[in-house]
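One file, start.txt, carrying compact mmCIF, C-alpha atoms:
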```txt
# COMPACT_ATOMS: atom_id res chain seq x y z
CA MET I 1 47.92 -59.73 -197.76
CA LEU I 2 44.76 -60.75 -195.86
CA LYS I 3 45.12 -63.46 -193.30
CA SER I 4 43.31 -66.65 -194.27
CA GLN I 5 40.42 -67.77 -192.07
CA ARG I 6 42.30 -71.10 -191.66
CA ASN I 7 44.74 -69.22 -189.42
CA MET I 8 41.98 -67.60 -187.40
CA LYS I 9 40.39 -68.78 -184.18
CA ASN I 10 36.80 -69.97 -184.12
CA ILE I 11 34.98 -66.65 -183.87
CA PHE I 12 31.64 -66.19 -182.09
CA TYR I 13 29.68 -62.95 -181.78
CA PHE I 14 26.81 -62.37 -179.39
CA TYR I 15 24.27 -61.00 -181.84
CA LYS I 16 20.60 -61.41 -182.58
CA LYS I 17 18.95 -59.80 -185.57
CA GLN I 18 16.19 -57.39 -184.60
CA LYS I 19 13.57 -55.48 -186.53
CA LYS I 20 14.39 -52.40 -184.47
CA ILE I 21 18.15 -51.92 -184.50
CA ASN I 22 19.60 -50.04 -181.53
CA SER I 23 23.08 -48.51 -181.52
CA ILE I 24 24.78 -51.56 -179.96
CA ASN I 25 23.07 -53.94 -182.36
CA LEU I 26 24.00 -51.70 -185.31
CA HIS I 27 27.62 -51.56 -184.15
CA SER I 28 27.75 -55.36 -183.86
CA ARG I 29 26.32 -55.77 -187.35
CA ASN I 30 28.95 -53.43 -188.80
CA ILE I 31 31.83 -55.11 -186.96
CA ILE I 32 30.70 -58.55 -188.14
CA GLY I 33 30.48 -57.26 -191.71
CA ILE I 34 33.99 -55.78 -191.67
CA LEU I 35 35.54 -58.91 -190.14
CA LYS I 36 33.86 -61.10 -192.75
CA GLU I 37 34.71 -58.88 -195.72
CA GLN I 38 38.15 -57.57 -194.75
CA LEU I 39 39.62 -60.52 -192.83
CA LEU I 40 37.58 -63.28 -194.49
CA CYS I 41 36.50 -64.44 -191.03
CA SER I 42 33.92 -67.14 -190.55
CA ILE I 43 31.76 -65.91 -187.68
CA THR I 44 29.11 -67.78 -185.73
CA GLU I 45 26.39 -65.37 -184.62
CA THR I 46 24.63 -66.54 -181.46
CA SER I 47 22.19 -65.26 -178.83
CA ASP I 48 23.37 -67.87 -176.31
CA VAL I 49 26.13 -66.49 -174.06
CA GLY I 50 26.42 -69.92 -172.44
CA VAL I 51 28.50 -70.93 -175.47
CA ALA I 52 31.44 -69.27 -173.69
CA ASN I 53 31.58 -72.10 -171.15
CA SER I 54 32.64 -74.60 -173.80
CA LEU I 55 35.33 -72.41 -175.42
CA ASN I 56 39.01 -71.80 -174.74
CA ALA I 57 41.21 -68.80 -175.44
CA ASP I 58 43.75 -70.71 -177.53
CA ASP I 59 41.29 -71.77 -180.22
CA ASP I 60 38.24 -69.54 -179.78
CA VAL I 61 37.15 -65.94 -179.24
CA PHE I 62 33.67 -64.77 -178.24
CA PHE I 63 32.82 -61.06 -178.68
CA ILE I 64 30.04 -59.93 -176.35
CA PRO I 65 28.70 -56.34 -176.41
CA PHE I 66 28.07 -54.79 -172.99
CA GLY I 67 26.17 -51.55 -172.54
CA GLY I 68 24.18 -52.04 -169.36
CA PHE I 69 22.90 -54.66 -166.95
CA ASP I 70 22.27 -57.98 -168.70
CA TYR I 71 21.10 -60.94 -166.61
CA ARG I 72 22.11 -63.33 -169.41
CA LEU I 73 25.78 -62.73 -168.62
CA PHE I 74 25.30 -64.64 -165.36
CA LYS I 75 25.23 -67.79 -167.49
CA ILE I 76 28.95 -67.39 -168.18
CA ARG I 77 31.22 -69.30 -165.82
CA LYS I 78 34.30 -69.27 -168.06
CA PHE I 79 35.59 -65.94 -169.43
CA SER I 80 38.97 -66.91 -170.91
CA SER I 81 37.70 -66.71 -174.51
CA VAL I 82 35.43 -63.68 -173.96
CA VAL I 83 36.11 -60.18 -175.27
CA LEU I 84 33.62 -57.68 -173.86
CA VAL I 85 32.82 -54.75 -176.17
CA PHE I 86 31.92 -51.91 -173.83
CA HIS I 87 29.68 -49.13 -175.10
CA ASN I 88 28.28 -46.90 -172.39
CA ILE I 89 26.26 -46.94 -169.18
CA THR I 90 24.55 -43.70 -168.21
CA PRO I 91 25.31 -42.99 -164.51
CA PRO I 92 22.28 -43.48 -162.22
CA LYS I 93 22.56 -39.90 -160.93
CA HIS I 94 21.16 -38.66 -164.24
CA PHE I 95 17.84 -40.42 -163.57
CA LEU I 96 17.35 -39.42 -159.93
CA TRP I 97 14.70 -38.39 -158.98
CA ASP I 98 12.63 -38.50 -162.14
CA ASP I 99 12.92 -42.21 -162.93
CA ILE I 100 13.87 -44.40 -159.97
CA PRO I 101 13.55 -47.71 -161.91
CA MET I 102 16.01 -46.47 -164.56
CA ALA I 103 18.39 -45.24 -161.84
CA ILE I 104 18.30 -48.69 -160.23
CA PHE I 105 18.84 -50.38 -163.59
CA ALA I 106 21.85 -48.13 -164.30
CA LEU I 107 23.26 -48.87 -160.83
CA LEU I 108 22.93 -52.61 -161.51
CA GLY I 109 24.86 -52.05 -164.74
CA TYR I 110 27.78 -50.51 -162.85
CA ILE I 111 27.70 -53.27 -160.23
CA GLN I 112 27.81 -55.86 -163.01
CA LEU I 113 30.66 -53.93 -164.66
CA TYR I 114 32.62 -54.19 -161.41
CA PHE I 115 32.23 -57.96 -161.23
CA LEU I 116 33.00 -58.40 -164.93
CA SER I 117 36.21 -56.43 -164.43
CA LYS I 118 37.35 -59.17 -162.02
CA THR I 119 37.03 -61.93 -164.63
CA LYS I 120 39.55 -63.09 -167.25
CA ALA I 121 37.58 -61.35 -170.00
CA ARG I 122 39.46 -58.94 -172.24
CA TRP I 123 37.96 -55.62 -173.30
CA ILE I 124 37.37 -53.36 -176.30
CA THR I 125 35.62 -50.00 -176.02
CA VAL I 126 34.44 -47.30 -178.43
CA SER I 127 36.18 -44.16 -177.13
CA GLU I 128 39.05 -42.90 -175.02
CA PHE I 129 36.42 -41.51 -172.65
CA ASN I 130 35.10 -45.02 -172.04
CA ALA I 131 38.64 -46.37 -171.74
CA SER I 132 39.29 -43.85 -168.94
CA LEU I 133 36.17 -45.05 -167.14
CA LEU I 134 37.28 -48.68 -167.40
CA LYS I 135 40.70 -47.82 -166.02
CA LYS I 136 38.95 -46.96 -162.75
CA TYR I 137 38.05 -50.65 -162.63
CA ASN I 138 41.65 -51.64 -163.45
CA VAL I 139 40.60 -52.66 -166.96
CA ASP I 140 43.00 -51.92 -169.82
CA ALA I 141 40.72 -51.75 -172.85
CA LYS I 142 41.66 -51.51 -176.51
CA VAL I 143 39.92 -48.60 -178.25
CA CYS I 144 38.14 -49.11 -181.54
CA PRO I 145 35.80 -46.16 -182.27
CA SER I 146 32.15 -46.61 -183.13
CA ILE I 147 31.39 -46.89 -186.81
CA VAL I 148 29.63 -44.13 -188.74
CA GLU I 149 28.07 -45.54 -191.88
CA ILE I 150 28.73 -43.87 -195.20
CA PRO I 151 25.41 -42.23 -196.11
CA PRO I 152 23.72 -43.23 -199.38
CA SER I 153 24.51 -41.17 -202.45
CA SER I 154 20.87 -40.01 -202.55
CA ILE I 155 21.61 -37.42 -199.83
CA HIS I 156 23.54 -35.41 -202.40
CA GLU I 157 20.23 -34.78 -204.13
CA CYS I 158 18.87 -33.11 -200.98
CA SER I 159 18.93 -29.34 -200.52
CA LYS I 160 18.70 -27.45 -197.26
CA SER I 161 15.23 -26.51 -196.08
CA GLU I 162 14.14 -22.97 -196.94
CA GLU I 163 13.32 -22.22 -193.32
CA PRO I 164 16.01 -22.62 -190.64
CA SER I 165 15.82 -26.14 -189.25
CA VAL I 166 17.48 -28.05 -186.43
CA ILE I 167 17.30 -31.75 -185.62
CA TYR I 168 17.64 -34.05 -182.61
CA VAL I 169 17.83 -37.84 -182.92
CA GLY I 170 17.59 -40.05 -179.85
CA ARG I 171 15.53 -41.22 -176.94
CA ILE I 172 13.17 -38.90 -175.08
CA VAL I 173 14.61 -39.45 -171.63
CA GLN I 174 15.90 -37.42 -168.69
CA ASN I 175 19.63 -37.78 -169.31
CA LYS I 176 19.21 -36.36 -172.83
CA GLN I 177 17.71 -33.18 -171.29
CA CYS I 178 14.96 -33.14 -173.89
CA PHE I 179 12.85 -30.61 -171.97
CA GLU I 180 15.76 -28.20 -171.74
CA LEU I 181 16.66 -28.67 -175.40
CA LEU I 182 13.11 -27.92 -176.50
CA ASP I 183 13.15 -24.72 -174.45
CA ILE I 184 16.53 -23.71 -175.93
CA VAL I 185 15.38 -24.24 -179.53
CA CYS I 186 12.17 -22.36 -178.79
CA LYS I 187 14.16 -19.46 -177.31
CA ALA I 188 16.45 -19.41 -180.34
CA SER I 189 13.49 -19.13 -182.74
CA GLU I 190 12.20 -16.19 -180.71
CA GLN I 191 15.62 -14.53 -180.87
CA LEU I 192 15.66 -15.05 -184.63
CA LYS I 193 12.09 -13.78 -184.95
CA GLN I 194 11.50 -15.99 -187.96
CA LYS I 195 9.91 -19.31 -188.74
CA ALA I 196 12.05 -22.31 -187.79
CA ILE I 197 11.52 -26.07 -187.70
CA PHE I 198 12.66 -28.45 -184.97
CA TYR I 199 12.76 -32.07 -186.12
CA ILE I 200 12.64 -34.67 -183.35
CA VAL I 201 13.41 -38.24 -184.36
CA GLY I 202 12.91 -40.65 -181.50
CA ASN I 203 10.59 -42.02 -178.88
CA GLY I 204 10.30 -42.70 -175.17
CA LYS I 205 8.66 -45.11 -172.77
CA ALA I 206 4.89 -44.84 -173.18
CA ARG I 207 4.29 -45.16 -169.42
CA SER I 208 6.99 -42.71 -168.45
CA SER I 209 5.70 -39.52 -166.81
CA TYR I 210 8.65 -37.70 -168.38
CA PHE I 211 7.62 -38.81 -171.88
CA LYS I 212 3.97 -37.90 -171.27
CA GLU I 213 4.95 -34.45 -170.05
CA TYR I 214 7.17 -34.00 -173.10
CA ILE I 215 4.23 -34.74 -175.41
CA ASN I 216 2.13 -32.16 -173.54
CA LYS I 217 4.96 -29.64 -173.79
CA ILE I 218 5.06 -30.04 -177.57
CA ARG I 219 1.30 -29.69 -177.83
CA LYS I 220 1.50 -26.33 -176.06
CA LEU I 221 3.81 -25.13 -178.85
CA GLU I 222 1.30 -25.82 -181.64
CA ASN I 223 0.42 -22.11 -181.96
CA HIS I 224 3.91 -20.76 -181.38
CA PRO I 225 4.51 -17.75 -183.67
CA TYR I 226 7.94 -18.94 -184.83
CA LEU I 227 8.71 -22.56 -183.98
CA LYS I 228 7.19 -25.56 -185.71
CA VAL I 229 7.93 -28.97 -184.17
CA GLU I 230 7.97 -31.98 -186.49
CA TRP I 231 8.09 -35.29 -184.61
CA LYS I 232 9.25 -38.25 -186.70
CA GLU I 233 9.15 -41.92 -185.70
CA GLY I 234 10.14 -45.14 -187.41
CA LEU I 235 12.32 -43.59 -190.10
CA ASN I 236 14.44 -46.00 -192.10
CA TYR I 237 18.12 -45.15 -192.51
CA ASN I 238 17.72 -43.62 -195.99
CA ASP I 239 14.95 -41.28 -194.83
CA LEU I 240 16.91 -40.35 -191.73
CA THR I 241 20.01 -39.43 -193.75
CA LYS I 242 17.90 -37.26 -196.06
CA LEU I 243 16.46 -35.45 -193.06
CA TYR I 244 19.94 -34.93 -191.62
CA ALA I 245 21.05 -33.49 -194.96
CA GLN I 246 18.09 -31.08 -195.21
CA CYS I 247 18.59 -29.54 -191.78
CA TRP I 248 20.85 -26.64 -190.89
CA LEU I 249 22.09 -27.81 -187.48
CA TYR I 250 22.08 -30.88 -185.24
CA VAL I 251 21.52 -30.09 -181.55
CA THR I 252 21.72 -32.15 -178.35
CA MET I 253 22.11 -31.51 -174.63
CA SER I 254 22.76 -35.09 -173.56
CA LYS I 255 24.50 -35.31 -170.18
CA HIS I 256 26.47 -38.48 -170.89
CA GLU I 257 27.67 -40.07 -174.14
CA GLY I 258 30.31 -42.72 -174.64
CA PHE I 259 30.69 -41.77 -178.30
CA GLY I 260 27.69 -39.89 -179.71
CA VAL I 261 26.82 -41.48 -183.05
CA PRO I 262 23.89 -39.22 -184.12
CA VAL I 263 26.02 -36.05 -184.16
CA CYS I 264 28.58 -37.86 -186.32
CA GLU I 265 25.87 -39.22 -188.62
CA SER I 266 24.58 -35.69 -189.10
CA VAL I 267 28.07 -34.39 -189.94
CA ALA I 268 28.54 -37.26 -192.42
CA CYS I 269 25.35 -36.08 -194.12
CA GLY I 270 26.53 -32.47 -194.35
CA THR I 271 24.99 -30.90 -191.24
CA PRO I 272 27.21 -29.67 -188.37
CA GLY I 273 26.32 -30.35 -184.76
CA LEU I 274 26.20 -28.36 -181.52
CA TYR I 275 26.28 -30.18 -178.19
CA THR I 276 26.87 -29.57 -174.50
CA PRO I 277 29.76 -31.30 -172.64
CA CYS I 278 28.90 -34.96 -172.09
CA GLY I 279 32.17 -36.88 -171.94
CA GLY I 280 32.62 -38.92 -175.08
CA GLN I 281 31.24 -36.53 -177.69
CA GLU I 282 33.84 -33.81 -177.18
CA THR I 283 36.55 -36.46 -177.02
CA ILE I 284 35.78 -37.90 -180.45
CA LEU I 285 35.21 -34.46 -182.07
CA ASN I 286 38.11 -32.74 -180.27
CA ASN I 287 35.68 -30.17 -178.76
CA CYS I 288 34.53 -28.91 -182.19
CA GLY I 289 30.93 -27.78 -181.71
CA VAL I 290 30.82 -28.01 -177.92
CA VAL I 291 28.88 -25.15 -176.27
CA ASN I 292 27.82 -24.20 -172.76
CA ALA I 293 24.17 -24.75 -171.91
CA GLU I 294 23.82 -21.11 -170.81
CA ASP I 295 24.89 -19.90 -174.25
CA PHE I 296 23.24 -22.61 -176.36
CA SER I 297 20.39 -20.55 -177.79
CA ASN I 298 22.82 -17.75 -178.74
CA GLN I 299 25.06 -20.25 -180.52
CA ILE I 300 22.11 -21.71 -182.44
CA VAL I 301 21.21 -18.20 -183.58
CA ARG I 302 24.84 -17.50 -184.49
CA TYR I 303 25.15 -20.53 -186.76
CA ILE I 304 21.67 -20.17 -188.24
CA LYS I 305 22.51 -16.61 -189.29
CA SER I 306 25.88 -17.46 -190.86
CA ALA I 307 26.21 -20.04 -193.63
CA ASP I 308 29.98 -19.43 -193.60
CA GLU I 309 30.27 -20.33 -189.91
CA ARG I 310 28.18 -23.47 -190.43
CA SER I 311 30.43 -24.44 -193.32
CA THR I 312 33.58 -23.88 -191.25
CA LEU I 313 32.22 -25.92 -188.33
CA LEU I 314 31.16 -28.72 -190.67
CA SER I 315 34.64 -28.81 -192.23
CA GLN I 316 36.28 -29.00 -188.79
CA GLN I 317 34.00 -31.78 -187.56
CA LYS I 318 34.17 -33.75 -190.79
CA LYS I 319 37.94 -34.21 -190.39
CA TYR I 320 37.24 -36.31 -187.32
CA VAL I 321 34.07 -38.02 -188.53
CA ASP I 322 35.86 -39.24 -191.66
CA THR I 323 38.12 -41.35 -189.42
CA TYR I 324 35.07 -43.24 -188.11
CA MET I 325 33.96 -44.20 -191.61
CA SER I 326 35.29 -46.59 -194.27
CA PRO I 327 38.03 -47.08 -195.28
CA ILE I 328 39.86 -45.70 -192.21
CA ILE I 329 37.61 -47.37 -189.63
CA ASP I 330 37.92 -50.72 -191.45
CA ASN I 331 41.65 -50.70 -190.79
CA LYS I 332 41.07 -49.93 -187.10
CA VAL I 333 38.57 -52.79 -186.78
CA LYS I 334 41.05 -55.15 -188.45
CA GLU I 335 43.78 -53.97 -186.10
CA VAL I 336 41.82 -54.20 -182.82
CA PHE I 337 39.20 -56.90 -183.34
CA GLY I 338 41.41 -58.83 -185.74
CA ASN I 339 44.18 -59.06 -183.15
CA PHE I 340 41.89 -61.09 -180.88
CA CYS I 341 40.99 -63.41 -183.76
CA LYS I 342 44.54 -64.58 -184.54
```
Written as structure tokens, how would this file's structure read?
Amino acid sequence: MLKSQRNMKNIFYFYKKQKKINSINLHSRNIIGILKEQLLCSITETSDVGVANSLNADDDVFFIPFGGFDYRLFKIRKFSSVVLVFHNITPPKHFLWDDIPMAIFALLGYIQLYFLSKTKARWITVSEFNASLLKKYNVDAKVCPSIVEIPPSSIHECSKSEEPSVIYVGRIVQNKQCFELLDIVCKASEQLKQKAIFYIVGNGKARSSYFKEYINKIRKLENHPYLKVEWKEGLNYNDLTKLYAQCWLYVTMSKHEGFGVPVCESVACGTPGLYTPCGGQETILNNCGVVNAEDFSNQIVRYIKSADERSTLLSQQKKYVDTYMSPIIDNKVKEVFGNFCK
């Protein structure tokens, strides 16, 4: 029997609706929805972290996502009611020497994490990998995995593209190794010696030299005999799921992931993923689909050539991805987040 909201604390969630939803914002939206629907919680959504200073742990709880340096958190003087929901901070070493400002920003995030670990705040995180990181700061975090949305039924109407196709979804930044991934996919198409499509869904910082060089690198491939690059931006969720479903493989060479939602989204839509070791991704998929960078192009070729092997990999990965979707994930959210609300 669901617990009545009369027996719940006053629940606040640090959340501001945005036109462009990032992964942390999307996670917050999903958590809020599950708490409202499954536990009948009344939740006050706020963009003012200063609210924490007027709350107390006996009667209130304030969930605040944390995934990098945030100056607004300096407004908090009282942490007894606060539950920090930790996502991921990419280590600064992955930006040196290509993007010094991003390296500094990442370093500030870890410095802030250190000071937050000394407060009375309690913690939730999205993977065992992240929990291990927090233990280095003497933080004992509860684990509630990221949420993978159930794709719309319209994806079942999609068929695989006639030509072999691979897809990457994410930012065009150094730590995602986008240059290296483009070279790997290009090499794989040359090994296959047949037409192939590489879908890129994402963007980068317009002023970034890395992003500008990436654009130039793609332009140089316009007359490639085998590989066709299709760059997509601003896709809504329905269009993205259809593109996932149409592709043959998802590929990424990210150096550091706390969870790795895009790979799981792709699997949920019927397309298996290949990825290099990055921390969280292999943890949540139990190493299914992990490959070495040196052998990546060979593995792409292997799975492109064999529908049976793609099907087997998809079946293996789906066993894990299903646990991050409703109804299983709803129960985990109720267990972890709901425990703080009582």
For this session: Would you list the contacts of stretch 287-304 of chain I as a list in words, taking every protein, DNA or RNA residue within 8 Å and counting only C-alpha atoms, but skipping same-chain residues closer than 4 positions in sequence?
Result: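 These residues fall inside the cut-off: Pro164, Ile184, Val185, Lys187, Ala188, Ser189, Gln191, Leu192, Trp248, Leu249, Met253, Pro272, Gly273, Leu274, Tyr275, Thr276, Pro277, Gln281, Glu282, Thr283, Glu309, Arg310, Leu313, Gln316 and Gln317 of chain I.
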For this session: Point out the residue among I:Ala268, I:Val336, I:Val51, I:Ile328 with the least atom-to-atom distance to I:Ser315, counting all atoms listed in the file.
Result: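 Among the listed residues, I:Ala268 lies closest to I:Ser315.
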Exercise. How many Å separate atom CA of I:Lys318 from atom CA of I:Asn130?
Worked result: 21.9 Å
For this session: Return the single residue from I:Lys118, I:Gly258, I:Tyr214, I:Ile11 that is closest to I:Gly67, with distances computed using all atoms listed in the file.
Result: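 Looking at the shortest contact to I:Gly67, the residue is I:Gly258.
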Exercise. So how many Å separate atom CA of I:Asp70 and atom CA of I:Val126, to one decimal?
Worked result: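 Taking atom CA of I:Asp70 as the start and atom CA of I:Val126 as the end point, the length is 18.9 Å.
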